[in-house]
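Shown next, in structure tokens, is the structure this report addresses.
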Amino acid sequence: MAETASADARERRIVVLISGSGTNLQALIDAQNTPALPSTRIVLVLSNRKAAYGLTRASQATTSIPTAYLGLQPYLKANPGKTRDDYDREVARVVVKENPDLIVLAGWMHIMGDGFLEIVNGDEPYDGDKRVQRPIPVINLHPALPGAFDGAHAIERAYEAFQKGEIKHSGVMVHRVVKEVDRGEPVLVREVEILPGEPIEAFEERLHSVEWKIIVDGTAKVLDEIAPTKVVA
């Protein structure tokens with residue numbers, strides 16, 4: 001049996017969450033609707049930081065991508081009595097209204113609480129009694145290998161561990177997002193060598209080049225599982 005492109009393959013929709021310059025977002029922008037990410041469109045880029053350059057990357061893309069800003073502290077200030085978990089739920093509401101097939105955290109520097117996952121998984125309504133019809137998968141890019149250097153400053157911590165002789169290499173992974181930080185099932189994993197004597201800037205540059213590839217490949221892999229563009233002939 002051979003795989004052929006489906007003539008009526010529907011557009012796959014992704015929402016990307018960012019906090020910074022958006023270099024990983026740029027890799028996704030460049031890949032959308034190409035053989036790397038066929039029949040795929042970024043329908044929203046949301047940032048929790050107003051000055052994130054990734055918002056500019058989205059708005060200045062060849063086909064402008066809608067953007068949104070929702071910061072934790074401004075949200076709490078504007079909504080007395082609301083909590084961090086309420087904020088996470090509000091982020092989820094903004095996201096699910098775009099009807100995405102997949103949510104990609106690409107440099108999103110905010111740890112999501114249970115409220116976010118409960119809405120995108122369909123366990124809680126997002127608007128009145130409306131719930132998502134099926135769980136929306138969420139993936140995250142993390143600059144470390146599974147089980148190593150969870151959380152913030154993973155690159156610096158890996159580099160320091162190498163200098164102490166505690167590790168021989170580091171890596172990058174795309175993983176599914178679960179309640180435990182950076183502990184979801186890996187989708188793709190790539191090792192990245194640390195060279196003796198190299199400055200951290202050189203290691204970081206090589207690691208980022210791997211990130212730009214793996215975030216596209218990981219996105220494609222999950223999309224192909226849930227919304228394939230090819231059918232078996």
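How things are named: the first chain in the structure tokens is A, the next is B, and so on; residues count from 1 in each chain; ligands count from 1 in the order shown.
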Exercise for review: Please identify all polymer residues within 9 Å of segment 139-146 of chain A, counting only C-alpha atoms, omitting same-chain residues fewer than 3 positions from it, and present them as a ChimeraX atom specification.
Suggested key: /A:24,102-108,149-151,153-155,158,170-177,182-187,189-192,207-208,211,214-215,218-219,222
Give me the residues near segment 124-134 of chain A as a PDB file with N, CA and C atoms, in the first residue's frame, where near means some atom within 9 Å (using only C-alpha atoms) and where sequence neighbours in that chain fewer than 2 positions away do not count.
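Okay, selection.pdb is ready:
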```
ATOM      1  N   ARG A  89      -6.372  29.668  33.037  1.00  0.00           N
ATOM      2  CA  ARG A  89      -7.637  29.326  32.394  1.00  0.00           C
ATOM      3  C   ARG A  89      -7.990  30.341  31.309  1.00  0.00           C
ATOM      4  N   GLU A  90      -7.691  31.617  31.566  1.00  0.00           N
ATOM      5  CA  GLU A  90      -7.981  32.645  30.572  1.00  0.00           C
ATOM      6  C   GLU A  90      -7.115  32.467  29.327  1.00  0.00           C
ATOM      7  N   ALA A  92      -6.051  29.620  28.277  1.00  0.00           N
ATOM      8  CA  ALA A  92      -6.657  28.477  27.595  1.00  0.00           C
ATOM      9  C   ALA A  92      -7.896  28.894  26.808  1.00  0.00           C
ATOM     10  N   ARG A  93      -8.709  29.774  27.375  1.00  0.00           N
ATOM     11  CA  ARG A  93      -9.926  30.220  26.675  1.00  0.00           C
ATOM     12  C   ARG A  93      -9.579  30.952  25.379  1.00  0.00           C
ATOM     13  N   VAL A  94      -8.581  31.828  25.458  1.00  0.00           N
ATOM     14  CA  VAL A  94      -8.161  32.557  24.253  1.00  0.00           C
ATOM     15  C   VAL A  94      -7.692  31.575  23.182  1.00  0.00           C
ATOM     16  N   VAL A  96      -8.292  28.139  22.835  1.00  0.00           N
ATOM     17  CA  VAL A  96      -9.235  27.150  22.292  1.00  0.00           C
ATOM     18  C   VAL A  96     -10.277  27.790  21.383  1.00  0.00           C
ATOM     19  N   LYS A  97     -10.521  29.083  21.543  1.00  0.00           N
ATOM     20  CA  LYS A  97     -11.477  29.759  20.664  1.00  0.00           C
ATOM     21  C   LYS A  97     -10.965  29.826  19.222  1.00  0.00           C
ATOM     22  N   ASN A  99      -9.825  27.239  17.789  1.00  0.00           N
ATOM     23  CA  ASN A  99     -10.067  25.876  17.298  1.00  0.00           C
ATOM     24  C   ASN A  99      -8.796  25.224  16.739  1.00  0.00           C
ATOM     25  N   GLY A 115      -5.361  24.407  35.511  1.00  0.00           N
ATOM     26  CA  GLY A 115      -6.513  25.013  34.854  1.00  0.00           C
ATOM     27  C   GLY A 115      -6.379  25.058  33.345  1.00  0.00           C
ATOM     28  N   GLU A 118      -6.867  21.512  31.992  1.00  0.00           N
ATOM     29  CA  GLU A 118      -8.232  21.030  32.172  1.00  0.00           C
ATOM     30  C   GLU A 118      -9.164  21.566  31.087  1.00  0.00           C
ATOM     31  N   ILE A 119      -8.902  22.792  30.637  1.00  0.00           N
ATOM     32  CA  ILE A 119      -9.733  23.360  29.570  1.00  0.00           C
ATOM     33  C   ILE A 119      -9.362  22.767  28.213  1.00  0.00           C
ATOM     34  N   VAL A 120      -8.059  22.694  27.896  1.00  0.00           N
ATOM     35  CA  VAL A 120      -7.684  22.189  26.565  1.00  0.00           C
ATOM     36  C   VAL A 120      -7.931  20.691  26.448  1.00  0.00           C
ATOM     37  N   ASN A 121      -8.008  19.992  27.570  1.00  0.00           N
ATOM     38  CA  ASN A 121      -8.330  18.566  27.540  1.00  0.00           C
ATOM     39  C   ASN A 121      -9.833  18.301  27.507  1.00  0.00           C
ATOM     40  N   GLY A 122     -10.629  19.359  27.682  1.00  0.00           N
ATOM     41  CA  GLY A 122     -12.078  19.193  27.665  1.00  0.00           C
ATOM     42  C   GLY A 122     -12.670  18.797  29.000  1.00  0.00           C
ATOM     43  N   ILE A 136      -7.025  18.812  23.010  1.00  0.00           N
ATOM     44  CA  ILE A 136      -6.071  19.458  22.105  1.00  0.00           C
ATOM     45  C   ILE A 136      -4.671  19.188  22.638  1.00  0.00           C
TER      46      ILE A 136
END
```
Set the distance at 9 Å and use only C-alpha atoms: which residues neighbour Ile194 of chain A once local chain neighbours fewer than 6 positions away are removed? I'd like the list as a PDB file with C-alpha atoms, in the first residue's frame.
```
ATOM      1  CA  TYR A 159      27.080  23.609  30.420  1.00  0.00           C
ATOM      2  CA  PHE A 162      29.752  19.375  31.643  1.00  0.00           C
ATOM      3  CA  LYS A 168      29.181  14.137  28.448  1.00  0.00           C
ATOM      4  CA  HIS A 169      26.562  15.891  26.307  1.00  0.00           C
ATOM      5  CA  SER A 170      23.247  17.650  26.485  1.00  0.00           C
ATOM      6  CA  ILE A 200      28.889  28.676  26.445  1.00  0.00           C
ATOM      7  CA  PHE A 203      27.355  25.637  22.655  1.00  0.00           C
TER       8      PHE A 203
END
```
Exercise for review: To one decimal in Å, tell me the separation between atom CA of Pro196 of chain A and atom CA of Val210 of chain A.
Suggested key: 19.2 Å
Practice item. Would you mind writing down, as a PyMOL selection string, each residue of segment 123-203 of chain A that DSSP on the backbone assigns to helix (DSSP H, G or I)? Key: chain A and resi 154-163+200-203
Practice item. Can you pull out every residue within 6 Å of Asn48 of chain A, counting only C-alpha atoms, but drop anything in the same chain fewer than 3 positions away, and send it as a PyMOL selection string? Key: chain A and resi 19+69-71
Would you save the residues from that selection as an mmCIF file, in the first residue's frame, using all heavy atoms?
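And here is the file that came out, part22.cif:
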```
data_model
loop_
_atom_site.group_PDB
_atom_site.id
_atom_site.type_symbol
_atom_site.label_atom_id
_atom_site.label_comp_id
_atom_site.auth_asym_id
_atom_site.auth_seq_id
_atom_site.Cartn_x
_atom_site.Cartn_y
_atom_site.Cartn_z
ATOM 1 N N SER A 19 7.294 33.893 24.633
ATOM 2 C CA SER A 19 7.597 34.921 25.632
ATOM 3 C C SER A 19 8.706 35.858 25.186
ATOM 4 O O SER A 19 8.917 36.890 25.821
ATOM 5 C CB SER A 19 8.013 34.280 26.965
ATOM 6 O OG SER A 19 6.972 33.534 27.535
ATOM 7 N N TYR A 69 -1.771 39.428 23.297
ATOM 8 C CA TYR A 69 -0.924 39.600 24.478
ATOM 9 C C TYR A 69 -1.782 39.425 25.718
ATOM 10 O O TYR A 69 -2.857 40.028 25.834
ATOM 11 C CB TYR A 69 -0.273 40.979 24.477
ATOM 12 C CG TYR A 69 0.219 41.419 25.843
ATOM 13 C CD1 TYR A 69 1.276 40.760 26.470
ATOM 14 C CD2 TYR A 69 -0.386 42.480 26.517
ATOM 15 C CE1 TYR A 69 1.713 41.150 27.727
ATOM 16 C CE2 TYR A 69 0.043 42.879 27.766
ATOM 17 C CZ TYR A 69 1.092 42.207 28.369
ATOM 18 O OH TYR A 69 1.517 42.592 29.616
ATOM 19 N N LEU A 70 -1.312 38.596 26.626
ATOM 20 C CA LEU A 70 -1.993 38.406 27.906
ATOM 21 C C LEU A 70 -0.935 38.143 28.964
ATOM 22 O O LEU A 70 -0.376 37.055 29.052
ATOM 23 C CB LEU A 70 -2.984 37.241 27.827
ATOM 24 C CG LEU A 70 -3.864 37.009 29.062
ATOM 25 C CD1 LEU A 70 -4.713 38.240 29.358
ATOM 26 C CD2 LEU A 70 -4.757 35.788 28.871
ATOM 27 N N GLY A 71 -0.641 39.174 29.747
ATOM 28 C CA GLY A 71 0.381 39.068 30.779
ATOM 29 C C GLY A 71 -0.227 38.748 32.135
ATOM 30 O O GLY A 71 -1.344 39.184 32.444
#
```
Check your understanding: To one decimal place, how far is atom CA of Ala78 of chain A from atom CA of Tyr53 of chain A in Å?
Key -> 24.2 Å
Check your understanding: DSSP says strand (DSSP E or B) for which residues of segment 22-83 of chain A? Put them as an MDAnalysis selection string?
Key -> chainID A and resid 32 37 40:47 67:69
Output N, CA, C and O atoms for every residue in that selection, as a PDB file, in the first residue's frame.
```pdb
ATOM      1  N   GLN A  32       5.523  26.574   7.778  1.00  0.00           N
ATOM      2  CA  GLN A  32       4.089  26.356   7.559  1.00  0.00           C
ATOM      3  C   GLN A  32       3.765  26.349   6.072  1.00  0.00           C
ATOM      4  O   GLN A  32       4.277  27.151   5.293  1.00  0.00           O
ATOM      5  N   LEU A  37       5.770  21.232   6.859  1.00  0.00           N
ATOM      6  CA  LEU A  37       4.497  21.330   7.597  1.00  0.00           C
ATOM      7  C   LEU A  37       3.377  21.580   6.588  1.00  0.00           C
ATOM      8  O   LEU A  37       2.808  22.677   6.527  1.00  0.00           O
ATOM      9  N   THR A  40      -0.729  23.417   6.783  1.00  0.00           N
ATOM     10  CA  THR A  40      -0.660  23.857   8.173  1.00  0.00           C
ATOM     11  C   THR A  40      -0.578  25.375   8.236  1.00  0.00           C
ATOM     12  O   THR A  40       0.147  25.998   7.455  1.00  0.00           O
ATOM     13  N   ARG A  41      -1.336  25.964   9.152  1.00  0.00           N
ATOM     14  CA  ARG A  41      -1.313  27.417   9.317  1.00  0.00           C
ATOM     15  C   ARG A  41      -1.278  27.775  10.795  1.00  0.00           C
ATOM     16  O   ARG A  41      -2.002  27.183  11.602  1.00  0.00           O
ATOM     17  N   ILE A  42      -0.428  28.731  11.144  1.00  0.00           N
ATOM     18  CA  ILE A  42      -0.422  29.296  12.495  1.00  0.00           C
ATOM     19  C   ILE A  42      -1.565  30.295  12.560  1.00  0.00           C
ATOM     20  O   ILE A  42      -1.562  31.300  11.835  1.00  0.00           O
ATOM     21  N   VAL A  43      -2.547  30.030  13.399  1.00  0.00           N
ATOM     22  CA  VAL A  43      -3.739  30.876  13.438  1.00  0.00           C
ATOM     23  C   VAL A  43      -3.672  31.932  14.527  1.00  0.00           C
ATOM     24  O   VAL A  43      -4.458  32.883  14.524  1.00  0.00           O
ATOM     25  N   LEU A  44      -2.732  31.772  15.470  1.00  0.00           N
ATOM     26  CA  LEU A  44      -2.573  32.774  16.527  1.00  0.00           C
ATOM     27  C   LEU A  44      -1.214  32.598  17.179  1.00  0.00           C
ATOM     28  O   LEU A  44      -0.755  31.474  17.399  1.00  0.00           O
ATOM     29  N   VAL A  45      -0.562  33.732  17.457  1.00  0.00           N
ATOM     30  CA  VAL A  45       0.632  33.751  18.304  1.00  0.00           C
ATOM     31  C   VAL A  45       0.290  34.565  19.538  1.00  0.00           C
ATOM     32  O   VAL A  45      -0.085  35.741  19.440  1.00  0.00           O
ATOM     33  N   LEU A  46       0.378  33.949  20.699  1.00  0.00           N
ATOM     34  CA  LEU A  46       0.052  34.615  21.956  1.00  0.00           C
ATOM     35  C   LEU A  46       1.307  34.740  22.802  1.00  0.00           C
ATOM     36  O   LEU A  46       2.073  33.781  22.934  1.00  0.00           O
ATOM     37  N   SER A  47       1.513  35.925  23.368  1.00  0.00           N
ATOM     38  CA  SER A  47       2.676  36.156  24.235  1.00  0.00           C
ATOM     39  C   SER A  47       2.226  36.617  25.612  1.00  0.00           C
ATOM     40  O   SER A  47       1.214  37.313  25.738  1.00  0.00           O
ATOM     41  N   THR A  67      -2.089  38.091  16.408  1.00  0.00           N
ATOM     42  CA  THR A  67      -1.339  38.013  17.667  1.00  0.00           C
ATOM     43  C   THR A  67      -2.224  38.443  18.825  1.00  0.00           C
ATOM     44  O   THR A  67      -3.243  39.120  18.646  1.00  0.00           O
ATOM     45  N   ALA A  68      -1.805  38.044  20.015  1.00  0.00           N
ATOM     46  CA  ALA A  68      -2.501  38.449  21.231  1.00  0.00           C
ATOM     47  C   ALA A  68      -1.486  38.554  22.359  1.00  0.00           C
ATOM     48  O   ALA A  68      -0.463  37.857  22.361  1.00  0.00           O
ATOM     49  N   TYR A  69      -1.771  39.428  23.297  1.00  0.00           N
ATOM     50  CA  TYR A  69      -0.924  39.600  24.478  1.00  0.00           C
ATOM     51  C   TYR A  69      -1.782  39.425  25.718  1.00  0.00           C
ATOM     52  O   TYR A  69      -2.857  40.028  25.834  1.00  0.00           O
TER      53      TYR A  69
END
```
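When atom CA of Lys164 of chain A is paired with atom CA of Gly147 of chain A, their separation reads 18.7 Å.
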